[in-house]
>>> print(open('start_33.txt').read())   # compact mmCIF, C-alpha atoms
# COMPACT_ATOMS: atom_id res chain seq x y z
CA MET A 1 -6.66 4.72 -14.46
CA LYS A 2 -9.31 5.61 -17.03
CA LYS A 3 -9.67 1.96 -18.05
CA LEU A 4 -10.02 0.84 -14.44
CA SER A 5 -12.58 3.55 -13.76
CA THR A 6 -14.62 2.38 -16.79
CA ILE A 7 -14.29 -1.29 -15.77
CA PHE A 8 -15.61 -0.61 -12.26
CA ALA A 9 -18.43 1.58 -13.58
CA VAL A 10 -19.47 -1.22 -15.97
CA LEU A 11 -19.24 -3.78 -13.16
CA ALA A 12 -21.44 -1.58 -10.95
CA ILE A 13 -24.09 -1.43 -13.70
CA LEU A 14 -23.85 -5.21 -14.26
CA LEU A 15 -24.17 -5.85 -10.52
CA SER A 16 -27.27 -3.65 -10.27
CA ASP A 17 -28.85 -5.50 -13.23
CA VAL A 18 -28.10 -8.91 -11.73
CA MET A 19 -29.32 -7.72 -8.30
CA CYS A 20 -32.69 -6.74 -9.75
CA ALA A 21 -32.98 -10.03 -11.60
CA VAL A 22 -31.99 -12.19 -8.60
CA VAL A 23 -34.23 -10.37 -6.12
CA ALA A 24 -37.18 -10.40 -8.51
CA TYR A 25 -36.73 -14.08 -9.37
CA ASN A 26 -36.46 -15.15 -5.73
CA TYR A 27 -39.34 -12.90 -4.70
CA CYS A 28 -41.59 -14.57 -7.28
CA ALA A 29 -40.34 -18.03 -6.28
CA LEU A 30 -41.02 -17.38 -2.59
CA GLU A 31 -44.44 -15.92 -3.30
CA TRP A 32 -45.33 -18.93 -5.43
CA GLY A 33 -44.00 -21.28 -2.72
CA GLY A 34 -46.00 -19.48 -0.06
CA LYS A 35 -49.21 -19.86 -2.07
CA TYR A 36 -48.93 -23.40 -3.43
CA GLU A 37 -46.20 -25.23 -1.45
CA ALA A 38 -46.86 -23.87 2.06
CA TRP A 39 -43.33 -22.39 2.37
CA SER A 40 -42.98 -20.53 5.67
CA ALA A 41 -40.59 -17.75 4.51
CA PRO A 42 -42.30 -14.53 3.48
CA ALA A 43 -41.62 -13.30 -0.05
CA SER A 44 -39.86 -10.21 1.31
CA THR A 45 -37.00 -12.47 2.49
CA ALA A 46 -35.78 -12.29 -1.11
CA LEU A 47 -34.84 -8.66 -0.48
CA LEU A 48 -32.00 -9.91 1.77
CA LEU A 49 -30.26 -11.05 -1.40
CA ALA A 50 -29.87 -7.40 -2.35
CA ILE A 51 -27.41 -6.82 0.54
CA PRO A 52 -24.26 -8.38 -0.99
CA TYR A 53 -25.04 -6.81 -4.34
CA ALA A 54 -25.58 -3.40 -2.74
CA ILE A 55 -22.19 -3.66 -0.99
CA GLY A 56 -20.56 -4.65 -4.29
CA ILE A 57 -22.25 -1.77 -6.14
CA ILE A 58 -21.17 0.79 -3.52
CA ILE A 59 -17.54 -0.41 -3.63
CA CYS A 60 -17.52 -0.40 -7.44
CA VAL A 61 -18.92 3.15 -7.58
CA VAL A 62 -16.37 4.37 -4.99
CA LEU A 63 -13.48 2.76 -6.90
CA ALA A 64 -14.74 4.15 -10.23
CA ILE A 65 -14.90 7.69 -8.74
CA VAL A 66 -11.45 7.39 -7.10
CA PHE A 67 -9.80 6.20 -10.33
CA LYS A 68 -11.58 8.83 -12.41
CA ARG A 69 -10.36 11.58 -10.06
CA LYS A 70 -6.82 10.18 -10.21
CA TYR A 71 -7.00 10.21 -14.01
CA ILE A 72 -8.28 13.81 -14.10
CA ASN A 73 -5.61 15.00 -11.63
CA LYS A 74 -2.77 13.44 -13.71
CA MET B 75 29.68 10.75 11.58
CA ALA B 76 30.04 14.53 11.25
CA LEU B 77 33.29 16.38 10.57
CA SER B 78 33.42 17.68 14.14
CA ASP B 79 33.22 14.15 15.58
CA LYS B 80 35.87 12.91 13.15
CA LEU B 81 38.24 15.71 14.15
CA TYR B 82 37.75 14.95 17.83
CA MET B 83 38.27 11.21 17.25
CA LEU B 84 41.44 11.71 15.17
CA ARG B 85 42.90 14.07 17.75
CA LYS B 86 42.18 11.69 20.61
CA LYS B 87 43.66 8.77 18.63
CA SER B 88 46.84 10.73 18.10
CA GLY B 89 46.96 11.56 21.80
CA LEU B 90 47.14 15.30 21.17
CA SER B 91 45.64 18.14 23.15
CA GLN B 92 43.74 20.94 21.42
CA GLU B 93 46.72 23.28 21.98
CA GLN B 94 49.19 20.82 20.45
CA LEU B 95 47.01 20.31 17.39
CA ALA B 96 46.48 24.06 17.08
CA GLU B 97 50.26 24.51 17.01
CA GLN B 98 50.67 21.88 14.32
CA LEU B 99 47.97 23.39 12.10
CA ILE B 100 49.01 26.97 12.90
CA VAL B 101 45.60 27.99 14.23
CA SER B 102 44.31 29.11 17.63
CA ARG B 103 43.10 26.64 20.29
CA GLN B 104 39.67 28.28 20.12
CA ALA B 105 39.47 27.45 16.43
CA ILE B 106 40.05 23.75 17.17
CA SER B 107 37.46 23.91 19.95
CA LYS B 108 34.91 25.49 17.57
CA TRP B 109 35.60 22.86 14.86
CA GLU B 110 35.14 20.02 17.32
CA SER B 111 31.95 21.43 18.77
CA GLY B 112 30.54 22.02 15.28
CA GLN B 113 30.25 25.79 15.79
CA SER B 114 32.39 26.41 12.72
CA VAL B 115 33.91 24.47 9.83
CA PRO B 116 37.61 24.60 8.87
CA GLU B 117 38.53 26.43 5.68
CA SER B 118 39.63 24.39 2.66
CA GLU B 119 43.34 25.06 3.30
CA LYS B 120 43.01 23.88 6.90
CA LEU B 121 41.07 20.84 5.80
CA ILE B 122 43.91 19.85 3.49
CA ALA B 123 46.35 20.41 6.37
CA ILE B 124 44.22 18.23 8.68
CA SER B 125 43.98 15.44 6.07
CA ASN B 126 47.77 15.55 5.54
CA TYR B 127 48.52 15.65 9.25
CA PHE B 128 46.27 12.71 10.20
CA ASP B 129 46.92 10.91 6.89
CA VAL B 130 43.25 10.60 5.97
CA SER B 131 41.49 11.53 2.74
CA LEU B 132 39.40 14.66 2.28
CA ASP B 133 36.52 12.34 1.28
CA TYR B 134 36.67 10.69 4.69
CA LEU B 135 36.63 14.05 6.46
CA LEU B 136 33.84 15.65 4.45
CA LYS B 137 31.48 12.80 3.58
CA ASP B 138 28.98 11.65 6.17
CA GLU B 139 29.28 7.84 6.22
CA ASN B 140 25.71 7.22 7.34
CA GLU B 141 24.40 9.54 4.67
CA ASN B 142 26.43 7.73 2.01
CA GLU B 143 25.17 4.34 3.17
CA SER B 144 21.56 5.45 3.20
CA ASN B 145 21.97 7.01 -0.27
CA ASP B 146 23.48 3.80 -1.61
CA ASN B 147 20.59 1.77 -0.25
CA ALA B 148 17.85 4.18 -1.22
CA PRO B 149 17.35 3.21 -4.88
CA GLU B 150 17.30 -0.50 -4.02
CA THR B 151 14.77 -0.06 -1.20
CA GLY B 152 12.70 2.18 -3.44
CA THR B 153 12.62 -0.47 -6.15
CA ILE B 154 11.59 -3.16 -3.68
CA GLN B 155 8.91 -0.88 -2.27
CA ASN B 156 7.61 -0.08 -5.77
CA THR B 157 7.61 -3.74 -6.80
CA SER B 158 5.75 -4.70 -3.63
CA ASP B 159 3.22 -1.88 -4.18
CA ARG B 160 2.66 -2.92 -7.78
CA THR B 161 2.14 -6.56 -6.74
CA ASN B 162 -0.34 -5.53 -4.06
CA TRP B 163 -2.11 -3.26 -6.54
CA PHE B 164 -2.50 -6.03 -9.11
CA LEU B 165 -3.57 -8.43 -6.37
CA GLY B 166 -6.18 -5.88 -5.31
CA VAL B 167 -7.54 -5.58 -8.87
CA ILE B 168 -7.67 -9.36 -9.33
CA ILE B 169 -9.33 -10.08 -5.95
CA CYS B 170 -11.85 -7.23 -6.28
CA VAL B 171 -12.85 -7.96 -9.88
CA GLY B 172 -12.86 -11.72 -9.11
CA GLY B 173 -15.28 -11.20 -6.23
CA ILE B 174 -17.60 -9.06 -8.38
CA VAL B 175 -17.55 -11.55 -11.27
CA CYS B 176 -18.30 -14.43 -8.87
CA LEU B 177 -21.23 -12.45 -7.45
CA ILE B 178 -22.63 -11.84 -10.96
CA LEU B 179 -22.09 -15.49 -11.96
CA TRP B 180 -23.81 -16.75 -8.81
CA GLY B 181 -26.81 -14.50 -9.52
CA LEU B 182 -27.10 -15.77 -13.07
CA LEU B 183 -26.61 -19.38 -11.94
CA SER B 184 -29.33 -19.12 -9.30
CA ILE B 185 -31.77 -17.86 -11.95
CA PHE B 186 -30.90 -20.05 -14.93
CA ASN B 187 -29.82 -23.22 -13.11
CA PRO B 188 -31.47 -23.38 -9.65
CA THR B 189 -30.40 -27.05 -9.23
CA ALA B 190 -26.74 -26.02 -9.24
CA SER B 191 -27.53 -23.37 -6.65
CA ASN B 192 -29.31 -25.99 -4.52
CA GLN B 193 -26.32 -28.34 -4.82
CA LEU B 194 -24.10 -25.55 -3.54
CA SER B 195 -26.43 -25.12 -0.54
CA GLU B 196 -26.38 -28.84 0.24
CA SER B 197 -22.57 -28.99 0.07
CA SER B 198 -22.33 -27.01 3.31
CA MET B 199 -22.34 -28.70 6.73
CA ILE B 200 -22.87 -25.58 8.81
CA GLN B 201 -25.97 -23.52 9.56
CA ILE B 202 -25.36 -20.79 6.93
CA ASP B 203 -26.00 -22.60 3.67
CA GLY B 204 -23.48 -22.88 0.85
CA ASN B 205 -24.98 -19.98 -1.07
CA GLY B 206 -24.72 -17.75 1.99
CA ILE B 207 -21.07 -18.69 2.53
CA PHE B 208 -20.34 -18.10 -1.16
CA LEU B 209 -21.93 -14.64 -1.04
CA ILE B 210 -19.97 -13.77 2.12
CA LEU B 211 -16.72 -14.91 0.46
CA CYS B 212 -17.52 -12.74 -2.59
CA ILE B 213 -18.08 -9.70 -0.40
CA VAL B 214 -14.90 -10.35 1.62
CA ALA B 215 -12.93 -10.64 -1.65
CA ILE B 216 -14.41 -7.38 -2.98
CA VAL B 217 -13.69 -5.51 0.27
CA VAL B 218 -10.11 -6.86 0.61
CA GLY B 219 -9.42 -6.15 -3.07
CA ALA B 220 -10.80 -2.61 -2.81
CA TYR B 221 -8.73 -1.98 0.34
CA LEU B 222 -5.50 -3.13 -1.38
CA LEU B 223 -6.37 -1.09 -4.46
CA LEU B 224 -7.12 2.13 -2.58
CA LYS B 225 -4.12 1.74 -0.25
CA ASN B 226 -1.67 1.26 -3.12
CA THR B 227 -3.34 3.85 -5.37
CA THR B 228 -2.89 6.61 -2.79
CA LYS B 229 0.84 5.69 -2.57
CA LYS B 230 1.26 5.97 -6.37
>>> encode(input="start_33.txt", output="structure tokens")
Amino acid sequence: MKKLSTIFAVLAILLSDVMCAVVAYNYCALEWGGKYEAWSAPASTALLLAIPYAIGIIICVVLAIVFKRKYINK
Amino acid sequence: MALSDKLYMLRKKSGLSQEQLAEQLIVSRQAISKWESGQSVPESEKLIAISNYFDVSLDYLLKDENENESNDNAPETGTIQNTSDRTNWFLGVIICVGGIVCLILWGLLSIFNPTASNQLSESSMIQIDGNGIFLILCIVAIVVGAYLLLKNTTKK
């Protein structure tokens, strides 16, 4: 239980790191495209990519808390 | 079947009335009536007399058959249930962690190798592009995995 709790906590941190990187990268790409390539999508569209990561982070945090509680209660 | 039902059944099979059986066992008719209705239980001496008279074992009279059957099956069912729970639990861990890892890999791939990400988008024939479908699949895997995990963890 302790191992699983740690694994999910680490995965939540990894997901948040990757989310920041992906959103930032796509935001820059869309902004650049809007300026020089006449792309129609606004740069803020990149924020939509945060949704799946946010769901993943929430689930990981919940699982980490549940397993930690189970471990403490044992 | 309870002792009272067995007594009633044995008496009826033998074609005896309550009075006749009472005479044979040297007890009152009321005692037989109380045994058969489950209001009282025969003493050990009378139980031996009943088993001798009807030529049945004390085990048959005292043990509840349904109870015995369910007890015999209980460990097996429990093992199957536990095995199934463990399988579901492992499946939950694998699906959930798999979905998260895929999500992380896709993020890294879209940053470090955008051509691969574009190829994934072009591989789809429907309106939501390949990347979108992949992200949805990752989320579905995480949710299903987490559901299986939580369901089987609460049972443990």
>>> interface_residues(input="start_33.txt", of="chain B", to="chain A", cutoff="8 Å", atoms="only C-alpha atoms", output="list of chain:residue names")
B:Ile174, B:Leu177, B:Ile178, B:Gly181, B:Leu182, B:Ser184, B:Ile185, B:Leu209, B:Ile210, B:Ile213, B:Ile216, B:Val217, B:Ala220, B:Leu224
>>> residues_around(input="start_33.txt", residues="Tyr127 (chain B)", least_positions_apart="3", cutoff="9 Å", atoms="only C-alpha atoms", output="ChimeraX atom specification")
/B:98-99,122-124,130
>>> closest_residue(input="start_33.txt", among="B:Ser78, B:Ser125, B:Ser131, B:Thr227", to="Glu110 (chain B)", atoms="all atoms listed in the file")
B:Ser78
>>> atom_distance(input="start_33.txt", atom1="CA of Leu77 (chain B)", atom2="CA of Pro116 (chain B)")
9.4 Å
>>> residues_around(input="start_33.txt", residues="Ile106 (chain B)", least_positions_apart="4", cutoff="7 Å", atoms="only C-alpha atoms", output="tab-separated table (two decimals) with C-alpha atoms, in the frame of the given file")
chain	number	residue	atom	x	y	z
B	92	GLN	CA	43.74	20.94	21.42
B	96	ALA	CA	46.48	24.06	17.08
B	102	SER	CA	44.31	29.11	17.63
B	110	GLU	CA	35.14	20.02	17.32
>>> closest_residue(input="start_33.txt", among="B:Phe208, B:Leu95, B:Leu179, B:Gly173", to="Leu81 (chain B)", atoms="all atoms listed in the file")
B:Leu95
>>> residues_around(input="start_33.txt", residues="region 160-164 of chain B", least_positions_apart="4", cutoff="9 Å", atoms="only C-alpha atoms", output="list of chain:residue names")
B:Gln155, B:Asn156, B:Ile168, B:Ile169, B:Gly219, B:Leu222, B:Leu223, B:Leu224, B:Lys225, B:Asn226, B:Thr227
>>> build_atoms(input="start_33.txt", residues="region 61-72 of chain A", atoms="all heavy atoms", output="PDB file, keeping the file's coordinate frame")
ATOM      1  N   VAL A  61     -18.712   1.709  -7.293  1.00  0.00           N
ATOM      2  CA  VAL A  61     -18.920   3.150  -7.580  1.00  0.00           C
ATOM      3  C   VAL A  61     -17.791   3.975  -6.947  1.00  0.00           C
ATOM      4  O   VAL A  61     -17.221   4.861  -7.596  1.00  0.00           O
ATOM      5  CB  VAL A  61     -20.312   3.607  -7.065  1.00  0.00           C
ATOM      6  CG1 VAL A  61     -20.430   5.128  -7.101  1.00  0.00           C
ATOM      7  CG2 VAL A  61     -21.409   2.974  -7.900  1.00  0.00           C
ATOM      8  N   VAL A  62     -17.446   3.635  -5.676  1.00  0.00           N
ATOM      9  CA  VAL A  62     -16.370   4.370  -4.990  1.00  0.00           C
ATOM     10  C   VAL A  62     -15.055   4.238  -5.773  1.00  0.00           C
ATOM     11  O   VAL A  62     -14.357   5.231  -6.036  1.00  0.00           O
ATOM     12  CB  VAL A  62     -16.197   3.869  -3.530  1.00  0.00           C
ATOM     13  CG1 VAL A  62     -14.921   4.416  -2.903  1.00  0.00           C
ATOM     14  CG2 VAL A  62     -17.394   4.268  -2.686  1.00  0.00           C
ATOM     15  N   LEU A  63     -14.732   2.983  -6.163  1.00  0.00           N
ATOM     16  CA  LEU A  63     -13.480   2.760  -6.900  1.00  0.00           C
ATOM     17  C   LEU A  63     -13.484   3.501  -8.244  1.00  0.00           C
ATOM     18  O   LEU A  63     -12.481   4.089  -8.640  1.00  0.00           O
ATOM     19  CB  LEU A  63     -13.246   1.266  -7.121  1.00  0.00           C
ATOM     20  CG  LEU A  63     -12.850   0.460  -5.885  1.00  0.00           C
ATOM     21  CD1 LEU A  63     -12.779  -1.022  -6.207  1.00  0.00           C
ATOM     22  CD2 LEU A  63     -11.500   0.915  -5.352  1.00  0.00           C
ATOM     23  N   ALA A  64     -14.638   3.462  -8.930  1.00  0.00           N
ATOM     24  CA  ALA A  64     -14.740   4.150 -10.230  1.00  0.00           C
ATOM     25  C   ALA A  64     -14.497   5.650 -10.047  1.00  0.00           C
ATOM     26  O   ALA A  64     -13.759   6.261 -10.827  1.00  0.00           O
ATOM     27  CB  ALA A  64     -16.108   3.901 -10.843  1.00  0.00           C
ATOM     28  N   ILE A  65     -15.089   6.246  -8.988  1.00  0.00           N
ATOM     29  CA  ILE A  65     -14.900   7.690  -8.740  1.00  0.00           C
ATOM     30  C   ILE A  65     -13.443   7.999  -8.403  1.00  0.00           C
ATOM     31  O   ILE A  65     -12.857   8.938  -8.931  1.00  0.00           O
ATOM     32  CB  ILE A  65     -15.849   8.182  -7.611  1.00  0.00           C
ATOM     33  CG1 ILE A  65     -17.305   8.119  -8.100  1.00  0.00           C
ATOM     34  CG2 ILE A  65     -15.507   9.588  -7.171  1.00  0.00           C
ATOM     35  CD1 ILE A  65     -18.339   8.302  -7.012  1.00  0.00           C
ATOM     36  N   VAL A  66     -12.853   7.158  -7.506  1.00  0.00           N
ATOM     37  CA  VAL A  66     -11.450   7.390  -7.100  1.00  0.00           C
ATOM     38  C   VAL A  66     -10.523   7.349  -8.316  1.00  0.00           C
ATOM     39  O   VAL A  66      -9.681   8.234  -8.506  1.00  0.00           O
ATOM     40  CB  VAL A  66     -11.008   6.338  -6.048  1.00  0.00           C
ATOM     41  CG1 VAL A  66      -9.504   6.365  -5.840  1.00  0.00           C
ATOM     42  CG2 VAL A  66     -11.704   6.590  -4.724  1.00  0.00           C
ATOM     43  N   PHE A  67     -10.690   6.325  -9.159  1.00  0.00           N
ATOM     44  CA  PHE A  67      -9.800   6.200 -10.330  1.00  0.00           C
ATOM     45  C   PHE A  67     -10.038   7.311 -11.348  1.00  0.00           C
ATOM     46  O   PHE A  67      -9.111   7.755 -12.001  1.00  0.00           O
ATOM     47  CB  PHE A  67      -9.959   4.823 -10.976  1.00  0.00           C
ATOM     48  CG  PHE A  67      -9.348   3.736 -10.126  1.00  0.00           C
ATOM     49  CD1 PHE A  67     -10.063   2.618  -9.755  1.00  0.00           C
ATOM     50  CD2 PHE A  67      -8.036   3.847  -9.688  1.00  0.00           C
ATOM     51  CE1 PHE A  67      -9.509   1.632  -8.964  1.00  0.00           C
ATOM     52  CE2 PHE A  67      -7.471   2.864  -8.894  1.00  0.00           C
ATOM     53  CZ  PHE A  67      -8.203   1.757  -8.524  1.00  0.00           C
ATOM     54  N   LYS A  68     -11.289   7.733 -11.470  1.00  0.00           N
ATOM     55  CA  LYS A  68     -11.580   8.830 -12.410  1.00  0.00           C
ATOM     56  C   LYS A  68     -10.909  10.124 -11.933  1.00  0.00           C
ATOM     57  O   LYS A  68     -10.311  10.847 -12.723  1.00  0.00           O
ATOM     58  CB  LYS A  68     -13.105   9.024 -12.509  1.00  0.00           C
ATOM     59  CG  LYS A  68     -13.513  10.149 -13.432  1.00  0.00           C
ATOM     60  CD  LYS A  68     -14.590   9.736 -14.380  1.00  0.00           C
ATOM     61  CE  LYS A  68     -14.707  10.739 -15.514  1.00  0.00           C
ATOM     62  NZ  LYS A  68     -15.651  10.366 -16.499  1.00  0.00           N
ATOM     63  N   ARG A  69     -10.988  10.382 -10.611  1.00  0.00           N
ATOM     64  CA  ARG A  69     -10.360  11.580 -10.060  1.00  0.00           C
ATOM     65  C   ARG A  69      -8.848  11.538 -10.261  1.00  0.00           C
ATOM     66  O   ARG A  69      -8.225  12.534 -10.599  1.00  0.00           O
ATOM     67  CB  ARG A  69     -10.671  11.698  -8.567  1.00  0.00           C
ATOM     68  CG  ARG A  69     -12.015  12.356  -8.341  1.00  0.00           C
ATOM     69  CD  ARG A  69     -12.232  12.655  -6.891  1.00  0.00           C
ATOM     70  NE  ARG A  69     -13.578  13.152  -6.668  1.00  0.00           N
ATOM     71  CZ  ARG A  69     -14.132  13.300  -5.498  1.00  0.00           C
ATOM     72  NH1 ARG A  69     -13.480  12.967  -4.417  1.00  0.00           N
ATOM     73  NH2 ARG A  69     -15.354  13.773  -5.370  1.00  0.00           N
ATOM     74  N   LYS A  70      -8.279  10.337 -10.022  1.00  0.00           N
ATOM     75  CA  LYS A  70      -6.820  10.180 -10.210  1.00  0.00           C
ATOM     76  C   LYS A  70      -6.448  10.481 -11.651  1.00  0.00           C
ATOM     77  O   LYS A  70      -5.427  11.114 -11.928  1.00  0.00           O
ATOM     78  CB  LYS A  70      -6.402   8.740  -9.870  1.00  0.00           C
ATOM     79  CG  LYS A  70      -6.343   8.469  -8.403  1.00  0.00           C
ATOM     80  CD  LYS A  70      -4.925   8.617  -7.884  1.00  0.00           C
ATOM     81  CE  LYS A  70      -4.942   8.689  -6.382  1.00  0.00           C
ATOM     82  NZ  LYS A  70      -3.707   9.208  -5.824  1.00  0.00           N
ATOM     83  N   TYR A  71      -7.273  10.004 -12.579  1.00  0.00           N
ATOM     84  CA  TYR A  71      -7.000  10.210 -14.010  1.00  0.00           C
ATOM     85  C   TYR A  71      -7.086  11.696 -14.357  1.00  0.00           C
ATOM     86  O   TYR A  71      -6.236  12.212 -15.070  1.00  0.00           O
ATOM     87  CB  TYR A  71      -8.007   9.412 -14.846  1.00  0.00           C
ATOM     88  CG  TYR A  71      -7.913   9.698 -16.333  1.00  0.00           C
ATOM     89  CD1 TYR A  71      -6.810   9.244 -17.064  1.00  0.00           C
ATOM     90  CD2 TYR A  71      -8.886  10.423 -16.987  1.00  0.00           C
ATOM     91  CE1 TYR A  71      -6.699   9.511 -18.409  1.00  0.00           C
ATOM     92  CE2 TYR A  71      -8.786  10.695 -18.337  1.00  0.00           C
ATOM     93  CZ  TYR A  71      -7.704  10.241 -19.039  1.00  0.00           C
ATOM     94  OH  TYR A  71      -7.590  10.514 -20.377  1.00  0.00           O
ATOM     95  N   ILE A  72      -8.119  12.389 -13.815  1.00  0.00           N
ATOM     96  CA  ILE A  72      -8.280  13.810 -14.100  1.00  0.00           C
ATOM     97  C   ILE A  72      -7.117  14.623 -13.516  1.00  0.00           C
ATOM     98  O   ILE A  72      -6.606  15.539 -14.151  1.00  0.00           O
ATOM     99  CB  ILE A  72      -9.636  14.334 -13.555  1.00  0.00           C
ATOM    100  CG1 ILE A  72     -10.774  13.708 -14.371  1.00  0.00           C
ATOM    101  CG2 ILE A  72      -9.725  15.849 -13.597  1.00  0.00           C
ATOM    102  CD1 ILE A  72     -12.133  13.848 -13.756  1.00  0.00           C
TER     103      ILE A  72
END
